[in-house]
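Peer 1: What follows is run-v4.txt; its format and atoms are compact mmCIF, C-alpha atoms.
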# COMPACT_ATOMS: atom_id res chain seq x y z
CA MET A 22 75.66 -25.45 33.95
CA MET A 23 73.07 -22.71 33.39
CA ASN A 24 74.21 -19.13 33.66
CA ASN A 25 72.35 -17.22 36.39
CA ASN A 26 72.42 -14.10 34.23
CA ALA A 27 70.87 -15.78 31.21
CA THR A 28 67.79 -14.15 29.74
CA PHE A 29 64.73 -16.00 28.54
CA SER A 30 61.65 -15.26 26.51
CA LEU A 31 58.20 -16.73 26.84
CA PRO A 32 56.70 -18.87 24.06
CA ASP A 33 55.13 -16.60 21.48
CA ASP A 34 51.77 -18.36 21.67
CA PHE A 35 51.17 -17.77 25.38
CA SER A 36 47.67 -16.39 25.79
CA LEU A 37 44.49 -17.29 27.62
CA VAL A 38 42.50 -16.17 24.59
CA LEU A 39 44.29 -17.10 21.34
CA GLY A 40 43.14 -20.68 20.99
CA GLY A 41 40.33 -23.17 20.86
CA PRO A 42 37.92 -24.27 18.11
CA LEU A 43 35.77 -21.13 18.32
CA TYR A 44 38.84 -18.94 17.89
CA GLN A 45 39.83 -20.94 14.81
CA PHE A 46 36.28 -20.56 13.46
CA PHE A 47 36.45 -16.80 13.98
CA ILE A 48 39.70 -16.67 12.01
CA ARG A 49 38.17 -18.61 9.09
CA ALA A 50 35.06 -16.40 9.22
CA ARG A 51 37.32 -13.32 9.18
CA LEU A 52 35.96 -12.14 12.51
CA THR A 53 39.38 -12.03 14.14
CA THR A 54 43.09 -12.35 13.41
CA ASN A 55 46.09 -13.90 15.11
CA THR A 56 46.43 -10.67 17.11
CA LEU A 57 42.70 -10.31 17.94
CA ASP A 58 42.12 -7.47 15.49
CA LEU A 59 38.68 -6.81 13.93
CA VAL A 60 37.09 -6.47 17.37
CA LYS A 61 34.44 -4.06 16.05
CA ARG A 62 33.44 -6.53 13.35
CA ARG A 63 33.27 -9.30 15.94
CA VAL A 64 31.16 -7.26 18.35
CA ILE A 65 28.73 -6.06 15.70
CA THR A 66 28.32 -9.48 14.07
CA ILE A 67 27.75 -11.51 17.24
CA SER A 68 25.61 -8.89 18.97
CA LEU A 69 23.36 -8.42 15.96
CA PHE A 70 23.15 -12.17 15.38
CA SER A 71 21.84 -12.52 18.92
CA TRP A 72 19.67 -9.39 19.14
CA LEU A 73 18.43 -8.32 15.70
CA PRO A 74 16.35 -11.46 14.91
CA LEU A 75 14.56 -10.93 18.22
CA LEU A 76 13.57 -7.42 17.19
CA ILE A 77 12.42 -8.54 13.73
CA LEU A 78 10.48 -11.61 14.89
CA SER A 79 8.80 -9.79 17.78
CA ALA A 80 7.88 -6.90 15.46
CA LEU A 81 6.33 -9.31 12.96
CA ALA A 82 4.29 -10.84 15.80
CA GLY A 83 3.21 -7.40 17.02
CA ASP A 84 5.04 -7.84 20.32
CA ALA A 85 7.82 -5.31 19.85
CA LEU A 86 6.07 -2.18 21.10
CA GLY A 87 2.97 -3.34 22.91
CA GLY A 88 -0.10 -5.45 22.36
CA ALA A 89 -1.80 -7.78 24.81
CA ILE A 90 1.40 -8.86 26.51
CA LYS A 91 2.79 -7.34 29.70
CA VAL A 92 6.41 -7.02 28.58
CA PRO A 93 6.97 -5.95 24.93
CA PHE A 94 10.40 -6.44 23.40
CA ILE A 95 11.34 -2.77 23.55
CA TYR A 96 10.71 -2.67 27.33
CA ASP A 97 12.70 -5.80 28.15
CA ALA A 98 15.77 -4.29 29.83
CA ASP A 99 17.52 -7.63 30.23
CA VAL A 100 17.60 -8.53 26.54
CA HIS A 101 19.03 -5.15 25.49
CA VAL A 102 21.62 -4.98 28.26
CA ARG A 103 22.61 -8.63 27.75
CA PHE A 104 23.27 -8.46 24.01
CA LEU A 105 24.14 -4.80 23.45
CA LEU A 106 26.30 -4.20 26.54
CA ALA A 107 27.30 -7.37 28.40
CA LEU A 108 28.11 -9.46 25.33
CA PRO A 109 30.26 -6.76 23.62
CA LEU A 110 32.14 -6.20 26.88
CA MET A 111 32.93 -9.91 27.08
CA LEU A 112 34.41 -9.74 23.58
CA VAL A 113 36.40 -6.58 24.34
CA ALA A 114 37.71 -8.26 27.52
CA GLU A 115 39.54 -10.79 25.32
CA ILE A 116 41.91 -8.11 24.05
CA VAL A 117 42.60 -6.72 27.52
CA VAL A 118 43.21 -10.14 29.06
CA HIS A 119 45.38 -11.24 26.14
CA LYS A 120 47.71 -8.26 26.48
CA ARG A 121 47.83 -7.81 30.26
CA ILE A 122 48.06 -11.42 31.38
CA ARG A 123 50.94 -12.04 28.98
CA LEU A 124 52.81 -9.08 30.50
CA THR A 125 52.01 -10.37 33.98
CA ILE A 126 53.49 -13.79 33.24
CA GLN A 127 56.60 -12.18 31.80
CA GLN A 128 57.25 -10.59 35.19
CA PHE A 129 58.04 -14.00 36.66
CA ILE A 130 61.02 -14.12 34.28
CA GLU A 131 62.07 -10.48 34.20
CA ARG A 132 62.07 -10.23 38.00
CA ARG A 133 63.95 -13.54 38.28
CA ILE A 134 61.27 -15.03 40.49
CA ILE A 135 61.53 -18.20 38.43
CA THR A 136 65.00 -19.56 39.17
CA PRO A 137 67.06 -20.94 36.26
CA PRO A 138 66.71 -24.56 37.47
CA SER A 139 62.91 -24.11 37.55
CA ARG A 140 62.68 -22.57 34.08
CA PRO A 141 62.10 -25.87 32.20
CA GLU A 142 59.26 -26.71 34.58
CA PHE A 143 57.81 -23.22 34.10
CA ASP A 144 57.86 -23.69 30.33
CA ASP A 145 56.15 -27.06 30.71
CA LEU A 146 53.38 -25.42 32.75
CA ILE A 147 52.85 -22.84 30.01
CA ASN A 148 52.66 -25.55 27.36
CA SER A 149 50.21 -27.53 29.50
CA ALA A 150 47.99 -24.45 29.89
CA MET A 151 48.04 -23.84 26.14
CA ARG A 152 47.08 -27.45 25.39
CA LEU A 153 44.15 -27.18 27.78
CA ARG A 154 43.12 -23.86 26.21
CA ASN A 155 43.07 -25.47 22.75
CA SER A 156 41.05 -28.51 23.82
CA VAL A 157 38.27 -29.43 21.39
CA VAL A 158 36.72 -31.83 23.90
CA ILE A 159 36.32 -29.11 26.51
CA GLU A 160 34.52 -26.73 24.15
CA VAL A 161 32.21 -29.53 22.98
CA MET A 162 31.42 -30.26 26.64
CA LEU A 163 30.71 -26.57 27.22
CA ILE A 164 28.28 -26.54 24.30
CA ALA A 165 26.51 -29.61 25.70
CA LEU A 166 26.34 -27.96 29.12
CA VAL A 167 24.88 -24.77 27.67
CA LEU A 168 22.20 -26.62 25.69
CA THR A 169 21.09 -28.68 28.68
CA VAL A 170 21.77 -27.56 32.24
CA THR A 171 22.25 -23.81 31.82
CA HIS A 172 19.27 -23.54 29.46
CA GLN A 173 17.04 -25.16 32.06
CA LEU A 174 18.49 -22.82 34.69
CA TRP A 175 17.61 -19.78 32.59
CA ALA A 176 14.11 -21.03 31.76
CA GLY A 177 13.31 -22.01 35.33
CA GLN A 178 15.02 -19.33 37.42
CA ILE A 179 15.86 -16.23 35.39
CA ALA A 180 13.14 -15.77 32.76
CA LEU A 181 10.19 -13.53 33.65
CA GLU A 182 7.01 -15.20 34.86
CA SER A 183 4.75 -12.68 33.11
CA ALA A 184 3.51 -12.88 29.53
CA THR A 185 6.31 -11.44 27.42
CA TRP A 186 7.32 -10.93 23.82
CA TYR A 187 9.09 -14.29 23.85
CA ALA A 188 6.60 -16.48 25.75
CA SER A 189 3.06 -16.59 27.04
CA ILE A 190 1.99 -18.37 30.21
CA LYS A 191 -0.95 -20.78 29.89
CA GLU A 192 -1.93 -23.15 32.70
CA GLY A 193 1.44 -22.62 34.32
CA GLN A 194 3.34 -23.61 31.18
CA ARG A 195 5.55 -21.31 29.12
CA HIS A 196 4.72 -21.28 25.40
CA TYR A 197 7.40 -19.71 23.22
CA SER A 198 6.76 -17.45 20.27
CA LEU A 199 8.99 -17.57 17.17
CA ALA A 200 11.10 -14.81 18.73
CA GLY A 201 11.12 -16.84 21.94
CA TYR A 202 12.54 -19.91 20.21
CA TRP A 203 15.39 -17.84 18.76
CA TYR A 204 15.90 -16.22 22.14
CA GLY A 205 15.86 -19.45 24.16
CA TYR A 206 17.66 -21.75 21.73
CA VAL A 207 20.05 -19.42 19.87
CA SER A 208 20.67 -16.07 21.56
CA ILE A 209 20.81 -17.27 25.16
CA PRO A 210 23.02 -20.31 24.35
CA VAL A 211 25.42 -18.07 22.40
CA PHE A 212 25.74 -15.75 25.37
CA GLN A 213 26.04 -18.60 27.87
CA PHE A 214 28.67 -20.35 25.77
CA LEU A 215 30.83 -17.23 25.56
CA LEU A 216 30.45 -16.80 29.32
CA ALA A 217 31.26 -20.47 29.98
CA ARG A 218 34.45 -20.09 27.90
CA TRP A 219 35.45 -17.21 30.16
CA PHE A 220 34.94 -19.34 33.26
CA PHE A 221 37.05 -22.04 31.63
CA ARG A 222 39.82 -19.54 30.84
CA ILE A 223 39.85 -18.37 34.44
CA PHE A 224 40.11 -22.02 35.51
CA ILE A 225 43.19 -22.35 33.27
CA TRP A 226 44.63 -19.19 34.84
CA ALA A 227 43.98 -20.48 38.38
CA ARG A 228 45.45 -23.89 37.57
CA PHE A 229 48.56 -22.31 36.05
CA LEU A 230 49.13 -20.02 39.05
CA TRP A 231 48.67 -22.90 41.50
CA GLN A 232 51.26 -24.96 39.60
CA VAL A 233 53.68 -22.00 39.54
CA SER A 234 53.25 -21.56 43.29
CA GLN A 235 54.66 -25.07 43.75
CA LEU A 236 57.91 -24.24 41.93
CA ASP A 237 61.14 -23.11 43.54
CA LEU A 238 60.54 -19.36 43.51
CA CYS A 239 63.02 -16.65 44.43
CA LEU A 240 60.95 -14.45 46.76
CA VAL A 241 62.41 -11.56 48.77
CA PRO A 242 60.63 -10.80 52.08
CA THR A 243 61.92 -7.20 52.16
CA HIS A 244 60.51 -6.32 48.74
CA PRO A 245 58.75 -2.93 49.07
CA ASP A 246 55.55 -4.26 47.44
CA ARG A 247 54.85 -6.07 50.76
CA ALA A 248 54.28 -9.28 48.78
CA ALA A 249 57.84 -10.63 48.47
CA GLY A 250 58.01 -9.41 44.86
CA LEU A 251 54.65 -10.88 43.79
CA GLY A 252 52.75 -7.61 44.07
CA PHE A 253 52.56 -7.35 40.27
CA LEU A 254 50.00 -10.17 40.34
CA GLY A 255 47.48 -7.81 41.93
CA GLY A 256 47.52 -5.80 38.73
CA SER A 257 46.28 -8.84 36.79
CA ALA A 258 42.83 -8.26 38.31
CA ALA A 259 42.54 -5.14 36.15
CA ALA A 260 42.72 -7.34 33.05
CA PHE A 261 39.37 -8.87 33.98
CA MET A 262 37.62 -5.55 34.69
CA PRO A 263 35.74 -5.50 31.33
CA LEU A 264 34.49 -9.00 32.06
CA LEU A 265 33.38 -7.97 35.55
CA LEU A 266 31.69 -4.89 34.13
CA SER A 267 29.81 -7.08 31.66
CA GLN A 268 28.57 -9.28 34.49
CA GLY A 269 27.56 -6.22 36.48
CA CYS A 270 25.55 -5.06 33.45
CA LEU A 271 23.93 -8.49 33.17
CA LEU A 272 22.98 -8.40 36.86
CA ALA A 273 21.58 -4.88 36.45
CA GLY A 274 19.48 -5.97 33.48
CA LEU A 275 18.01 -8.93 35.35
CA VAL A 276 17.22 -6.82 38.41
CA ALA A 277 15.77 -4.01 36.27
CA ASN A 278 13.30 -6.41 34.67
CA GLN A 279 12.10 -7.59 38.06
CA ILE A 280 11.72 -3.99 39.27
CA PHE A 281 9.96 -2.66 36.17
CA HIS A 282 7.72 -5.63 35.41
CA GLU A 283 7.29 -7.65 38.59
CA GLY A 284 6.85 -4.83 41.11
CA LYS A 285 9.97 -5.56 43.15
CA THR A 286 12.44 -3.05 44.61
CA LEU A 287 16.21 -2.84 44.50
CA LEU A 288 16.44 -3.68 48.20
CA ASP A 289 14.70 -7.01 47.52
CA PHE A 290 17.87 -8.10 45.74
CA LYS A 291 20.41 -7.35 48.47
CA PRO A 292 21.28 -11.05 49.00
CA GLU A 293 21.69 -11.65 45.25
CA ILE A 294 23.81 -8.53 44.80
CA LEU A 295 26.02 -9.39 47.76
CA ALA A 296 26.40 -12.97 46.56
CA SER A 297 27.34 -11.73 43.08
CA VAL A 298 30.02 -9.39 44.44
CA VAL A 299 31.50 -12.15 46.60
CA PHE A 300 31.39 -14.63 43.70
CA PHE A 301 33.23 -12.32 41.31
CA LEU A 302 35.78 -11.35 43.95
CA ILE A 303 36.55 -15.04 44.39
CA LEU A 304 36.53 -15.60 40.64
CA VAL A 305 39.11 -12.89 39.89
CA LEU A 306 41.17 -12.70 43.08
CA GLY A 307 40.80 -16.31 44.20
CA PRO A 308 43.44 -17.62 41.75
CA LEU A 309 45.99 -15.23 43.28
CA CYS A 310 45.35 -16.64 46.75
CA VAL A 311 47.23 -19.83 45.85
CA PHE A 312 50.41 -17.95 46.76
CA ALA A 313 49.20 -17.29 50.32
CA PRO A 314 50.93 -20.35 51.86
CA ARG A 315 54.16 -19.43 50.08
CA LEU A 316 53.97 -15.82 51.26
CA ALA A 317 53.27 -16.96 54.81
CA GLN A 318 56.33 -19.21 54.66
CA VAL A 319 58.50 -16.40 53.27
CA LYS A 320 57.28 -14.05 56.00
CA ARG A 321 58.04 -16.55 58.79
CA GLN A 322 61.48 -17.23 57.39
CA GLY A 323 62.12 -13.52 56.85
CA LEU A 324 61.13 -12.65 60.41
CA LEU A 325 63.54 -15.26 61.72
CA GLU A 326 66.46 -14.28 59.49
CA TYR A 327 66.04 -10.51 59.59
CA GLY A 328 65.13 -10.70 63.28
CA ALA A 329 68.42 -12.44 64.00
CA LEU A 330 70.34 -9.97 61.83
CA ALA A 331 68.61 -6.99 63.45
CA ASN A 332 69.30 -8.40 66.92
CA ARG A 333 73.00 -8.81 66.15
CA TYR A 334 73.29 -5.33 64.66
CA ALA A 335 71.37 -3.70 67.52
CA ARG A 336 73.64 -5.39 70.07
CA GLU A 337 76.75 -4.24 68.26
CA PHE A 338 75.33 -0.69 68.08
CA ASP A 339 74.51 -0.80 71.79
CA ASP A 340 77.98 -2.12 72.70
CA LYS A 341 79.68 0.49 70.56
CA TRP A 342 77.77 3.64 71.45
CA LEU A 343 76.29 2.95 74.88
CA ARG A 344 78.83 0.61 76.47
CA GLY A 345 81.96 2.53 75.61
CA GLY A 346 83.09 0.58 72.58
CA ALA A 347 83.42 3.57 70.25
CA PRO A 348 86.77 5.46 69.98
CA GLN A 349 86.88 8.74 71.89
CA ASP A 350 87.33 10.85 68.75
CA GLU A 351 84.55 9.20 66.68
CA PRO A 352 81.51 11.55 66.42
CA LEU A 353 78.02 10.16 66.97
CA VAL A 354 76.27 12.82 64.88
CA GLY A 355 76.49 11.92 61.19
CA SER A 356 77.62 8.39 61.92
CA GLY A 357 76.71 5.80 59.31
CA ASP A 358 75.82 3.42 62.13
CA ILE A 359 72.63 5.34 62.94
CA GLN A 360 71.52 5.35 59.31
CA SER A 361 72.29 1.64 59.01
CA LEU A 362 70.28 0.93 62.16
CA ASN A 363 67.37 2.90 60.69
CA ASP A 364 67.63 0.97 57.40
CA MET A 365 67.64 -2.29 59.32
CA ALA A 366 64.51 -1.24 61.22
CA GLY A 367 62.84 -0.33 57.93
CA SER A 368 63.66 -3.70 56.39
CA PHE A 369 62.33 -5.57 59.41
CA GLU A 370 59.13 -3.49 59.32
CA VAL A 371 58.60 -4.40 55.65
CA VAL A 372 58.80 -8.09 56.55
CA GLN A 373 56.43 -7.61 59.49
CA THR A 374 53.84 -5.87 57.32
CA MET A 375 53.89 -8.37 54.44
CA ARG A 376 50.41 -9.00 53.06
CA PRO A 377 48.99 -12.53 53.19
CA PHE A 378 47.90 -12.21 49.53
CA PRO A 379 49.61 -10.64 46.48
CA PHE A 380 46.96 -7.92 46.19
CA SER A 381 45.91 -4.96 48.30
CA LYS A 382 42.59 -3.86 49.78
CA THR A 383 42.43 -1.25 47.02
CA ILE A 384 42.29 -4.02 44.41
CA VAL A 385 39.45 -5.69 46.31
CA LEU A 386 37.54 -2.41 46.47
CA GLN A 387 38.08 -1.68 42.77
CA THR A 388 36.84 -5.14 41.83
CA ALA A 389 33.69 -4.77 43.93
CA ILE A 390 32.97 -1.29 42.55
CA THR A 391 33.33 -2.56 38.97
CA VAL A 392 30.63 -5.18 39.57
CA LEU A 393 28.33 -2.75 41.38
CA ALA A 394 28.73 0.26 39.07
CA PRO A 395 26.07 -0.82 36.51
CA LEU A 396 23.54 -1.09 39.33
CA LEU A 397 23.88 2.59 40.23
CA PRO A 398 21.21 3.82 37.77
CA LEU A 399 18.71 1.52 39.49
CA THR A 400 19.02 3.56 42.68
CA LEU A 401 16.87 6.13 40.85
CA THR A 402 13.96 3.71 41.25
CA MET A 403 14.20 4.35 45.00
CA ILE A 404 15.15 8.02 45.12
CA SER A 405 14.77 10.89 42.70
CA LEU A 406 17.77 12.17 40.78
CA GLU A 407 17.46 15.56 42.48
CA ASP A 408 17.52 14.04 45.96
CA LEU A 409 20.41 11.78 44.98
CA ILE A 410 22.47 14.76 43.76
CA LYS A 411 21.71 16.69 46.94
CA ARG A 412 22.85 13.80 49.12
CA LEU A 413 26.03 13.32 47.08
CA MET A 414 26.80 17.03 47.31
CA GLY A 415 26.22 16.86 51.06
CA ILE A 416 28.70 14.03 51.38
CA LEU A 417 31.33 15.66 49.15
CA LEU A 418 30.97 19.17 50.55
Please rewrite the model in this file as structure tokens.

Peer 2:
Amino acid sequence: MMNNNATFSLPDDFSLVLGGPLYQFFIRARLTTNTLDLVKRRVITISLFSWLPLLILSALAGDALGGAIKVPFIYDADVHVRFLLALPLMLVAEIVVHKRIRLTIQQFIERRIITPPSRPEFDDLINSAMRLRNSVVIEVMLIALVLTVTHQLWAGQIALESATWYASIKEGQRHYSLAGYWYGYVSIPVFQFLLARWFFRIFIWARFLWQVSQLDLCLVPTHPDRAAGLGFLGGSAAAFMPLLLSQGCLLAGLVANQIFHEGKTLLDFKPEILASVVFFLILVLGPLCVFAPRLAQVKRQGLLEYGALANRYAREFDDKWLRGGAPQDEPLVGSGDIQSLNDMAGSFEVVQTMRPFPFSKTIVLQTAITVLAPLLPLTLTMISLEDLIKRLMGILL
């Protein structure tokens, strides 16, 4: 029989990041270690591999600073933001996710949410997630996807329609320069592959949480976090903030190009910006919503149980102090009964105010702000910096 007070430790290899063929390649290329060190080397190498050849090839073609084209390389906001900001942030996000998600998973054990009988199943779920993370087949499929579908998406929907440093437009057809071939068939696929791996990791995270939600969990409806003890999961969203910031930068770069070179305004992109915020809210917070049915069940059960307990205690208090049940010499002031009744009311209120999800509105707001923050500089295309400062001061003061 398993001891209820037994302590457990997670497998040492649990991580959403430490695994997969690309990770093994990085280790052999001395771009990372088993603890994700050498992040600066990784950022510099991959960013320069994606960006520097574009600068060199466009300069050799005379398209770096100007010429007959509408958009020289130096004025292409998207390419600089994509490879010098968004891509490094995606790489930095690996360290944050590796450390914080591991600590988050440990809370299931340390807070005894996973019951001892469910521990073997919990370990099996971890092992299953790690096998999926290490899948060679999945990464090969991601590469194939990037070289086919997502490349066509970029070429048809995202690339500028004007003559640029990477392609000229003749008779409605895009003709790539040497820099354009590197951009379209090396740099963009590298970026898209790294992004696709992140989406795959989040899928693993969502799958793992859904499977955990099906286990026999020890949840307490009166837990002060208003989430039956699962409130720590809301903090996991912070682990993905660098990734969200990178996607906000990418969105800002794409929008900036359209504003600077296609004559559009920031307000023209309200639907796209709103859709992006909603998408990333779902991407990061959606996996946590798998606990909503369980929390609703705990709340219903808690209201019934604590409601019955509160009813019994309130009746006994009423009988004792209002119906003459208390001894003549027992003082009402300072009685422990009043404090106990207040504690009971507090416990019942906690159950009543349980959240339907293991995260607060503050987490939702922080996530949205992280995505939108890189777009703030683009507001200067609609209003001068001086007017913007005056309006901000008017709001704050």

Peer 1: Within 6 Å of (40.7, -3.3, 37.3), only C-alpha atoms: residues as a list in words?

Peer 2: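 Checking each residue against the 6 Å limit leaves Ala258, Ala259 and Met262 of chain A.
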
Peer 1: Show me, as a Markdown table, the residues of segment 32-111 of chain A having an atom within 8 Å of segment 120-124 of chain A, each with the closest atom pair and its distance in Å, using all atoms listed in the file.

Peer 2:
| residue | atom | partner | partner_atom | distance |
| --- | --- | --- | --- | --- |
| A:Phe35 | CA | A:Arg123 | CA | 6.8 |
| A:Ser36 | CA | A:Arg123 | CA | 6.3 |
| A:Leu37 | CA | A:Ile122 | CA | 7.8 |

Peer 1: Do you have the atom CA of Glu142 of chain A-atom CA of Val233 of chain A distance handy?

Peer 2: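 Between atom CA of Glu142 of chain A and atom CA of Val233 of chain A the gap works out to 8.8 Å.
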
Peer 1: When you draw a straight line from atom CA of Thr374 of chain A to atom CA of Leu236 of chain A, how long is it in Å?

Peer 2: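 Calculated distance between atom CA of Thr374 of chain A and atom CA of Leu236 of chain A is 24.3 Å.
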